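Enquirer: For reference, the file my_file30.cif (mmCIF, C-alpha atoms) is included below:
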data_protein
loop_
_atom_site.label_atom_id
_atom_site.label_comp_id
_atom_site.auth_asym_id
_atom_site.auth_seq_id
_atom_site.Cartn_x
_atom_site.Cartn_y
_atom_site.Cartn_z
CA MET A 31 -11.71 -26.27 -24.91
CA SER A 32 -8.77 -26.16 -22.52
CA GLN A 33 -7.39 -22.79 -21.45
CA TYR A 34 -4.17 -21.65 -23.11
CA SER A 35 -1.13 -22.08 -20.83
CA HIS A 36 1.73 -19.59 -21.12
CA ALA A 37 3.81 -21.79 -18.79
CA ARG A 38 3.44 -24.81 -21.06
CA ALA A 39 4.29 -22.71 -24.10
CA MET A 40 7.37 -21.33 -22.39
CA ARG A 41 8.54 -24.83 -21.45
CA ALA A 42 8.18 -25.89 -25.08
CA LEU A 43 10.15 -22.85 -26.25
CA ILE A 44 12.89 -23.48 -23.70
CA LYS A 45 13.17 -27.12 -24.77
CA ALA A 46 13.32 -26.21 -28.45
CA SER A 47 15.90 -23.49 -27.83
CA LEU A 48 18.09 -25.83 -25.73
CA GLN A 49 17.97 -28.47 -28.46
CA SER A 50 19.03 -25.84 -30.98
CA ILE A 51 21.93 -24.67 -28.80
CA MET A 52 23.13 -28.23 -28.14
CA LYS A 53 23.23 -28.89 -31.89
CA SER A 54 25.33 -25.78 -32.51
CA PRO A 55 29.08 -26.60 -32.73
CA SER A 56 30.03 -22.95 -32.25
CA ALA A 57 28.07 -22.77 -28.99
CA ILE A 58 29.85 -25.84 -27.63
CA VAL A 59 33.27 -24.59 -28.75
CA PHE A 60 33.05 -21.05 -27.44
CA SER A 61 31.16 -21.78 -24.21
CA ILE A 62 32.91 -24.98 -23.08
CA ALA A 63 35.73 -26.26 -25.32
CA PHE A 64 37.53 -22.94 -25.82
CA PRO A 65 37.91 -22.04 -22.11
CA LEU A 66 38.68 -25.67 -21.23
CA ILE A 67 41.63 -25.68 -23.64
CA PHE A 68 43.14 -22.64 -21.91
CA ILE A 69 42.51 -24.14 -18.48
CA LEU A 70 44.20 -27.39 -19.51
CA VAL A 71 47.20 -25.52 -20.92
CA PHE A 72 47.70 -23.33 -17.87
CA GLY A 73 46.85 -26.19 -15.53
CA PHE A 74 49.65 -28.33 -16.98
CA LEU A 75 52.04 -25.39 -16.78
CA GLY A 76 51.81 -25.69 -13.01
CA ASN A 77 52.15 -23.01 -10.38
CA GLY A 78 53.75 -19.63 -10.38
CA GLY A 79 50.75 -17.35 -10.55
CA GLY A 80 52.08 -15.77 -13.72
CA HIS A 81 54.45 -13.42 -11.92
CA SER A 82 57.64 -12.51 -13.77
CA SER A 83 59.14 -10.58 -10.86
CA ILE A 84 59.35 -11.06 -7.12
CA LYS A 85 56.72 -9.08 -5.26
CA VAL A 86 57.99 -7.60 -2.01
CA ALA A 87 56.82 -4.96 0.41
CA ILE A 88 58.68 -2.88 2.94
CA ALA A 89 57.35 -3.54 6.42
CA PRO A 90 55.58 -0.56 8.02
CA GLY A 91 57.98 1.36 10.24
CA SER A 92 61.11 0.13 8.44
CA ASP A 93 64.12 2.33 7.76
CA THR A 94 63.77 3.46 4.13
CA ASN A 95 66.60 5.98 4.23
CA ASN A 96 69.44 3.46 4.13
CA ARG A 97 71.47 2.81 1.01
CA LEU A 98 70.45 -0.86 0.69
CA TYR A 99 66.74 -0.06 0.38
CA HIS A 100 67.50 2.72 -2.08
CA VAL A 101 69.42 0.30 -4.35
CA LEU A 102 66.81 -2.47 -4.04
CA SER A 103 63.95 -0.09 -4.88
CA TYR A 104 65.38 0.41 -8.39
CA MET A 105 65.93 -3.27 -9.21
CA SER A 106 63.83 -4.62 -12.08
CA GLU A 107 63.78 -8.11 -10.51
CA LEU A 108 61.74 -6.78 -7.60
CA LYS A 109 58.24 -5.41 -7.77
CA TRP A 110 57.46 -3.31 -4.71
CA VAL A 111 53.94 -3.38 -3.37
CA HIS A 112 52.84 -0.38 -1.34
CA GLY A 113 49.89 0.08 0.98
CA ASP A 114 48.79 0.24 4.59
CA SER A 115 49.24 -2.58 7.10
CA ALA A 116 45.79 -4.06 6.47
CA PHE A 117 46.31 -4.20 2.70
CA LEU A 118 49.79 -5.71 2.97
CA SER A 119 48.62 -8.29 5.50
CA LYS A 120 45.81 -9.28 3.14
CA GLN A 121 48.28 -9.63 0.27
CA MET A 122 50.53 -11.79 2.45
CA LYS A 123 47.61 -13.98 3.49
CA GLU A 124 46.67 -14.56 -0.13
CA GLY A 125 50.26 -15.39 -1.06
CA GLU A 126 50.41 -12.45 -3.46
CA ILE A 127 53.57 -11.04 -1.86
CA THR A 128 56.73 -13.11 -1.59
CA ALA A 129 57.92 -11.35 1.53
CA MET A 130 57.49 -8.30 3.69
CA MET A 131 60.97 -6.92 4.26
CA ARG A 132 62.22 -5.08 7.34
CA ILE A 133 65.68 -3.51 6.96
CA LYS A 134 67.74 -2.06 9.76
CA LYS A 135 71.21 -0.62 9.27
CA SER A 136 73.56 -1.16 12.18
CA PRO A 137 75.81 1.59 13.55
CA ASP A 138 79.16 1.86 11.76
CA SER A 139 81.08 -0.12 14.39
CA VAL A 140 78.51 -2.89 14.72
CA LYS A 141 78.41 -6.01 12.53
CA PRO A 142 76.62 -7.20 10.51
CA THR A 143 76.07 -4.01 8.54
CA TYR A 144 72.43 -4.78 7.79
CA ARG A 145 69.88 -6.77 9.73
CA ILE A 146 67.10 -7.97 7.47
CA VAL A 147 63.93 -9.80 8.48
CA LEU A 148 61.79 -11.37 5.76
CA ASN A 149 58.22 -12.24 6.69
CA ALA A 150 57.62 -14.69 3.87
CA SER A 151 54.62 -16.54 2.47
CA SER A 152 54.95 -20.31 2.76
CA SER A 153 53.76 -20.67 -0.85
CA GLN A 154 56.61 -18.44 -2.08
CA MET A 155 59.64 -20.07 -0.47
CA ALA A 156 61.33 -20.69 -3.83
CA ASN A 157 61.16 -16.97 -4.51
CA VAL A 158 62.45 -16.27 -1.00
CA GLN A 159 65.66 -18.12 -1.80
CA GLN A 160 66.00 -16.09 -4.96
CA LEU A 161 65.35 -12.93 -2.96
CA ARG A 162 68.11 -13.84 -0.51
CA GLY A 163 70.49 -14.28 -3.41
CA ILE A 164 69.55 -10.85 -4.72
CA LEU A 165 70.12 -9.29 -1.29
CA ASN A 166 73.56 -10.85 -0.96
CA SER A 167 74.52 -9.83 -4.47
CA VAL A 168 73.47 -6.23 -3.90
CA ILE A 169 75.31 -5.96 -0.58
CA GLN A 170 78.47 -7.40 -2.10
CA SER A 171 78.36 -4.89 -4.93
CA MET A 172 77.86 -2.06 -2.44
CA ASP A 173 80.83 -2.96 -0.24
CA PRO A 174 83.29 -5.50 -1.75
CA GLU A 175 85.56 -5.35 1.29
CA THR A 176 82.79 -6.23 3.68
CA ALA A 177 81.65 -8.94 1.29
CA LYS A 178 84.88 -10.85 1.92
CA ARG A 179 83.65 -11.50 5.44
CA ALA A 180 80.25 -13.09 4.93
CA ALA A 181 79.25 -12.72 8.56
CA ASP A 182 79.84 -8.98 8.35
CA MET A 183 77.61 -8.37 5.34
CA ALA A 184 74.13 -8.92 6.65
CA SER A 185 71.99 -11.21 8.72
CA VAL A 186 68.87 -12.37 6.92
CA GLU A 187 66.18 -13.91 9.07
CA VAL A 188 63.22 -15.59 7.40
CA LYS A 189 59.93 -15.87 9.26
CA GLU A 190 57.59 -18.15 7.35
CA ASN A 191 53.88 -17.34 7.29
CA VAL A 192 51.78 -20.36 6.40
CA VAL A 193 49.26 -19.34 3.73
CA ARG A 194 47.13 -21.18 1.21
CA GLU A 195 49.10 -21.94 -1.93
CA PHE A 196 48.03 -19.73 -4.83
CA ARG A 197 48.26 -21.73 -8.04
CA MET A 198 48.17 -20.42 -11.59
CA ILE A 199 44.83 -22.17 -12.08
CA ASP A 200 43.35 -20.08 -9.24
CA PHE A 201 43.93 -16.97 -11.32
CA ILE A 202 43.31 -18.32 -14.81
CA LEU A 203 40.09 -20.30 -14.30
CA PRO A 204 37.86 -17.40 -13.11
CA GLY A 205 39.12 -15.28 -16.00
CA GLN A 206 38.42 -17.98 -18.58
CA LEU A 207 35.05 -18.78 -17.05
CA GLY A 208 34.11 -15.09 -17.05
CA PHE A 209 35.10 -14.64 -20.67
CA SER A 210 33.21 -17.79 -21.64
CA LEU A 211 30.06 -16.36 -20.06
CA LEU A 212 30.60 -13.00 -21.75
CA ALA A 213 31.30 -14.37 -25.24
CA GLY A 214 28.53 -16.98 -25.08
CA SER A 215 25.96 -14.46 -23.88
CA VAL A 216 26.83 -11.73 -26.37
CA PHE A 217 27.34 -13.84 -29.50
CA GLY A 218 24.63 -16.37 -28.67
CA THR A 219 21.93 -13.83 -27.88
CA ALA A 220 22.83 -11.59 -30.82
CA PHE A 221 22.76 -14.39 -33.42
CA VAL A 222 19.63 -16.05 -32.03
CA PHE A 223 17.41 -12.98 -31.99
CA PHE A 224 18.78 -11.60 -35.27
CA ASN A 225 18.07 -14.91 -37.02
CA LEU A 226 14.64 -15.21 -35.42
CA ARG A 227 13.83 -11.78 -36.78
CA GLN A 228 15.35 -12.35 -40.23
CA THR A 229 13.62 -15.72 -40.73
CA LEU A 230 10.31 -14.21 -39.62
CA VAL A 231 10.01 -16.69 -36.77
CA LEU A 232 9.28 -13.84 -34.36
CA LYS A 233 6.57 -12.60 -36.71
CA ARG A 234 4.99 -16.06 -36.71
CA PHE A 235 5.15 -16.10 -32.93
CA PHE A 236 3.04 -12.94 -32.92
CA ALA A 237 0.26 -14.88 -34.61
CA THR A 238 0.12 -17.16 -31.57
CA PRO A 239 -1.06 -16.32 -28.04
CA VAL A 240 2.57 -16.34 -26.80
CA SER A 241 3.50 -12.87 -25.56
CA ARG A 242 6.76 -11.15 -26.42
CA GLU A 243 7.91 -11.28 -22.82
CA PHE A 244 7.61 -15.07 -22.72
CA ILE A 245 9.53 -15.39 -25.99
CA VAL A 246 12.45 -13.38 -24.61
CA LEU A 247 12.24 -15.10 -21.23
CA SER A 248 12.27 -18.60 -22.69
CA GLU A 249 15.29 -17.86 -24.88
CA GLY A 250 17.08 -16.28 -21.93
CA ILE A 251 16.36 -19.23 -19.63
CA SER A 252 17.54 -21.79 -22.20
CA ARG A 253 20.80 -19.88 -22.75
CA MET A 254 21.33 -19.55 -19.01
CA ILE A 255 20.77 -23.28 -18.45
CA PHE A 256 23.26 -24.14 -21.18
CA GLN A 257 25.93 -21.72 -19.99
CA LEU A 258 25.55 -22.66 -16.32
CA LEU A 259 26.01 -26.29 -17.36
CA GLY A 260 29.21 -25.25 -19.14
CA ALA A 261 30.34 -23.26 -16.08
CA SER A 262 29.78 -26.31 -13.87
CA ILE A 263 31.90 -28.45 -16.19
CA ILE A 264 34.71 -25.87 -16.25
CA ILE A 265 34.78 -25.51 -12.46
CA ALA A 266 34.63 -29.28 -11.94
CA VAL A 267 37.51 -29.95 -14.37
CA GLY A 268 39.59 -27.21 -12.74
CA HIS A 269 38.93 -28.48 -9.24
CA PHE A 270 39.33 -32.23 -9.71
CA ALA A 271 42.02 -32.21 -12.40
CA PHE A 272 44.14 -29.23 -11.33
CA HIS A 273 43.14 -28.60 -7.69
CA TYR A 274 41.39 -25.30 -8.38
CA THR A 275 40.66 -23.88 -4.94
CA LEU A 276 37.09 -24.02 -3.68
CA VAL A 277 37.64 -22.96 -0.09
CA ASN A 278 34.24 -23.95 1.24
CA GLY A 279 33.65 -26.81 -1.16
CA PHE A 280 30.10 -27.14 -2.49
CA VAL A 281 29.03 -23.85 -0.90
CA THR A 282 31.72 -22.01 -2.86
CA PHE A 283 30.62 -23.84 -6.02
CA ILE A 284 27.03 -22.65 -5.54
CA GLU A 285 28.25 -19.09 -4.97
CA LEU A 286 30.28 -19.20 -8.18
CA ILE A 287 27.26 -20.50 -10.10
CA SER A 288 25.15 -17.69 -8.60
CA LEU A 289 27.69 -15.11 -9.77
CA SER A 290 27.71 -16.78 -13.19
CA ALA A 291 23.92 -16.53 -13.45
CA LEU A 292 24.01 -12.81 -12.61
CA ALA A 293 26.77 -12.25 -15.17
CA ILE A 294 24.87 -14.10 -17.90
CA LEU A 295 21.83 -11.94 -17.23
CA VAL A 296 23.90 -8.76 -17.56
CA PHE A 297 25.94 -9.92 -20.56
CA MET A 298 22.86 -10.99 -22.53
CA GLY A 299 21.91 -7.31 -22.58
CA PHE A 300 24.94 -6.65 -24.77
CA GLY A 301 23.69 -9.37 -27.11
CA PHE A 302 20.29 -7.68 -27.39
CA ILE A 303 22.04 -4.42 -28.33
CA VAL A 304 24.14 -6.12 -31.01
CA SER A 305 21.14 -7.94 -32.50
CA GLY A 306 19.29 -4.61 -32.66
CA ILE A 307 21.98 -2.59 -34.42
CA ALA A 308 23.31 -5.32 -36.75
CA LYS A 309 22.14 -5.03 -40.35
CA SER A 310 23.23 -8.54 -41.39
CA ASP A 311 24.83 -11.74 -40.07
CA ALA A 312 28.21 -10.47 -41.22
CA THR A 313 28.03 -7.36 -39.03
CA ILE A 314 27.30 -9.24 -35.79
CA PRO A 315 30.88 -10.52 -35.15
CA PRO A 316 32.52 -7.08 -35.52
CA PHE A 317 30.01 -5.45 -33.17
CA ALA A 318 30.22 -8.32 -30.67
CA ASN A 319 34.03 -8.31 -30.76
CA MET A 320 34.04 -4.60 -29.97
CA ILE A 321 32.37 -5.55 -26.69
CA THR A 322 34.13 -8.81 -25.85
CA LEU A 323 37.74 -8.41 -27.03
CA PRO A 324 38.65 -5.32 -24.95
CA GLN A 325 37.35 -7.10 -21.87
CA PHE A 326 39.13 -10.33 -22.79
CA LEU A 327 42.43 -8.41 -22.96
CA LEU A 328 41.98 -5.79 -20.24
CA ALA A 329 39.76 -7.30 -17.53
CA GLY A 330 42.41 -9.44 -15.81
CA THR A 331 41.69 -12.62 -17.76
CA PHE A 332 45.30 -13.79 -18.12
CA PHE A 333 47.25 -11.51 -15.78
CA SER A 334 46.69 -8.87 -13.14
CA ILE A 335 45.44 -5.43 -14.12
CA ASP A 336 48.35 -4.06 -12.07
CA ASN A 337 50.62 -4.99 -15.00
CA PHE A 338 48.96 -2.39 -17.23
CA PRO A 339 50.09 1.25 -17.40
CA VAL A 340 48.72 3.33 -14.53
CA TRP A 341 46.69 5.55 -16.88
CA LEU A 342 44.89 2.50 -18.31
CA GLN A 343 44.05 0.76 -15.02
CA PRO A 344 40.94 2.86 -14.11
CA PHE A 345 39.36 1.91 -17.45
CA CYS A 346 40.25 -1.76 -16.90
CA ARG A 347 38.72 -1.76 -13.42
CA ALA A 348 35.46 -0.27 -14.71
CA LEU A 349 34.75 -3.12 -17.15
CA PRO A 350 31.88 -5.47 -16.17
CA LEU A 351 34.06 -8.56 -16.72
CA THR A 352 36.59 -7.15 -14.23
CA PHE A 353 33.95 -7.01 -11.50
CA LEU A 354 32.95 -10.60 -12.24
CA ASN A 355 36.54 -11.89 -12.29
CA ASP A 356 37.35 -10.06 -9.07
CA ALA A 357 34.29 -11.43 -7.29
CA MET A 358 34.92 -15.00 -8.45
CA ARG A 359 38.56 -14.96 -7.32
CA LYS A 360 37.63 -13.60 -3.91
CA VAL A 361 34.85 -16.15 -3.41
CA ALA A 362 36.85 -19.16 -4.64
CA PHE A 363 40.29 -18.50 -3.15
CA GLU A 364 39.64 -16.25 -0.16
CA GLY A 365 36.41 -17.96 0.84
CA VAL A 366 34.41 -14.75 1.22
CA GLY A 367 30.64 -14.80 0.94
CA LEU A 368 28.55 -13.07 -1.69
CA TRP A 369 27.77 -10.24 0.71
CA GLU A 370 31.47 -9.48 1.00
CA VAL A 371 31.71 -8.95 -2.77
CA LYS A 372 28.60 -6.79 -2.75
CA TYR A 373 30.32 -3.87 -4.46
CA ASP A 374 31.39 -6.05 -7.38
CA ILE A 375 27.82 -7.32 -7.63
CA LEU A 376 26.43 -3.79 -7.33
CA PHE A 377 28.56 -2.47 -10.19
CA LEU A 378 27.61 -5.48 -12.31
CA LEU A 379 23.96 -4.62 -11.67
CA VAL A 380 24.61 -0.98 -12.58
CA TRP A 381 26.10 -2.17 -15.87
CA GLY A 382 23.02 -4.35 -16.33
CA VAL A 383 20.64 -1.42 -15.87
CA VAL A 384 22.57 0.75 -18.34
CA VAL A 385 22.85 -2.04 -20.90
CA TYR A 386 19.16 -2.97 -20.81
CA VAL A 387 18.09 0.67 -21.08
CA VAL A 388 20.14 0.91 -24.28
CA ALA A 389 18.89 -2.49 -25.46
CA GLY A 390 15.29 -1.37 -24.99
CA LYS A 391 15.90 1.53 -27.34
CA VAL A 392 17.68 -0.32 -30.16
CA PHE A 393 16.14 -3.82 -30.06
CA LYS A 394 13.85 -4.64 -33.01
CA TRP A 395 11.12 -7.24 -33.19
CA GLU A 396 10.67 -7.08 -36.95
#
Could you express the structure from this file as structure tokens?

Expert:
Amino acid sequence: MSQYSHARAMRALIKASLQSIMKSPSAIVFSIAFPLIFILVFGFLGNGGGHSSIKVAIAPGSDTNNRLYHVLSYMSELKWVHGDSAFLSKQMKEGEITAMMRIKKSPDSVKPTYRIVLNASSSQMANVQQLRGILNSVIQSMDPETAKRAADMASVEVKENVVREFRMIDFILPGQLGFSLLAGSVFGTAFVFFNLRQTLVLKRFFATPVSREFIVLSEGISRMIFQLLGASIIIAVGHFAFHYTLVNGFVTFIELISLSALAILVFMGFGFIVSGIAKSDATIPPFANMITLPQFLLAGTFFSIDNFPVWLQPFCRALPLTFLNDAMRKVAFEGVGLWEVKYDILFLLVWGVVVYVVAGKVFKWE
């Protein structure tokens, strides 16, 4: 009589689970089709990064006591970004800031009245022209007499900084991919283990030599394989159809897939919690939505967390999906390695520990 093989049993369970997932329309829709639709929509919309106002920063050491800066600082068309030199330089490099502005007011007898230097991102030159129009309009409104002599108003010098173009797809795709991983892991895991328990399949498994650990592991591996396949499709469509930035090519792709695998592992813990506390099939969606919807809306999926009220931002930045989105954007667009997003990974792992501790207390086998 041949010896029982846990490895062979686990392979059979993984295969059966994958076949079940592939036959599930909801799994295909929520893990692949749903995020792809959003990516296609935003990809066809083109560039723009989703900014409704022009982001500018005042150059360190600039004169901020002059009247022009005071007027500009209250304009709704301009969004002022503040920070130290290193932070502002990083924002410029990423194309997040349209221009870094240096203003100098000339002495009363010297013309032009204002000397303005704009260190501008090459990817934001359309906004730079709009910014110049705003500057001229403001100066004219401040001193109509001076405005009659264009040369006396101000000199605006533009110094172009060549940076990588930041497309809308570079922001949207990581957010959609992250939410796809979250929703697929939570809903998929919750429904699978609840149904296995309700249909007494788990109880039948206990009559076999297969241990509980291998049952959980096989289901987890099959879900991870399916979702990583979906992640690969999403990244490939974004890159080849809409020029989603993968700075280091295949290496960046592998890093994104590695982050996705870690996220799936963490997010499945939420699914175990939901399957443990749900009393029926009908109660799973409400519980799962309580976990996924706040993150979908608040974790920087569609737009930057900076757009939220200041009091809400700390909560947004503490969400596990936020750490994943942040890490993916840094790896894909900035070209940083996984070690350079170690704090995002660390906080994801902390969430994972907390979630699995709770899951261990509420999960039910029967």

Enquirer: Quick check, in Å to one decimal: how far apart do atom CA of Leu226 of chain A and atom CA of Ser305 of chain A lie?

Expert: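 Computing it gives 10.2 Å between the two atoms.
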
Enquirer: Kindly give the distance, in Å, that separates atom CA of Asn278 of chain A and atom CA of Trp369 of chain A, rounded to a single decimal.

Expert: 15.2 Å

Enquirer: Taking all atoms listed in the file into account, which of A:Gln206, A:Thr322, A:Thr275, A:Thr331 comes nearest Val361 of chain A?

Expert: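 Selected residue with least distance to Val361 of chain A: A:Thr275.
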
Enquirer: When you draw a straight line from atom CA of Ala213 of chain A to atom CA of Ser290 of chain A, how long is it in Å?

Expert: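 Between atom CA of Ala213 of chain A and atom CA of Ser290 of chain A the gap works out to 12.8 Å.
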
Enquirer: Might you spell out which residues the PyMOL selection byres ((chain A and resi 106-112) around 8) would select in the displayed file, as a list in words?

Expert: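 Those residues are Ser83, Ile84, Lys85, Val86, Ala87, Ile88, Leu102, Ser103, Tyr104, Met105, Gly113, Asp114, Leu118 and Ile127 of chain A.
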
Enquirer: Hey, which of A:Val281, A:Phe353, A:Leu212, A:Pro316 ends up closest to Val366 of chain A? Count all atoms listed in the file.

Expert: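 Checking each of A:Val281, A:Phe353, A:Leu212, A:Pro316 against Val366 of chain A, counting all atoms listed in the file, the winner is A:Val281.
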
Enquirer: Give me the result of the PyMOL selection byres ((chain A and resi 317) around 10) on this file, residue by residue, as a PyMOL selection string.

Expert: chain A and resi 216-217+220+300-301+303-305+307-308+312-316+318-322

Enquirer: Of the candidates A:Arg253, A:Arg347, A:Lys309, A:Arg359, which one gets nearest to Glu285 of chain A if we count all atoms listed in the file?

Expert: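 Using all atoms listed in the file, Glu285 of chain A sits closest to A:Arg359.
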
Enquirer: Got a sec to resolve the PyMOL selection byres ((chain A and resi 376-380) around 9) on this structure and send the residues as a list in words?

Expert: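 Checking the PyMOL selection byres ((chain A and resi 376-380) around 9) against this file, the residues are Leu292, Ala293, Val296, Ala348, Leu349, Pro350, Leu351, Phe353, Leu354, Val371, Lys372, Tyr373, Asp374, Ile375, Trp381, Gly382, Val383, Val384 and Val385 of chain A.
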
Enquirer: For Leu203 of chain A, which of A:Ile69, A:Ala362, A:Leu342, A:Met52 is the closest residue, counting only C-alpha atoms?

Expert: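 Distance minimum relative to Leu203 of chain A lands on A:Ile69.
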
Enquirer: From the set A:Phe221, A:Tyr144, A:Phe326, A:Phe256, which residue has the shortest atom-to-atom contact distance to Tyr99 of chain A, counting all atoms listed in the file?

Expert: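 Closest candidate: A:Tyr144.
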
Enquirer: For Ser119 of chain A, which residue out of A:Ala89, A:Ala271, A:Leu323, A:Ile265 is the nearest one, using all atoms listed in the file?

Expert: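 For Ser119 of chain A, the nearest of the candidates is A:Ala89.
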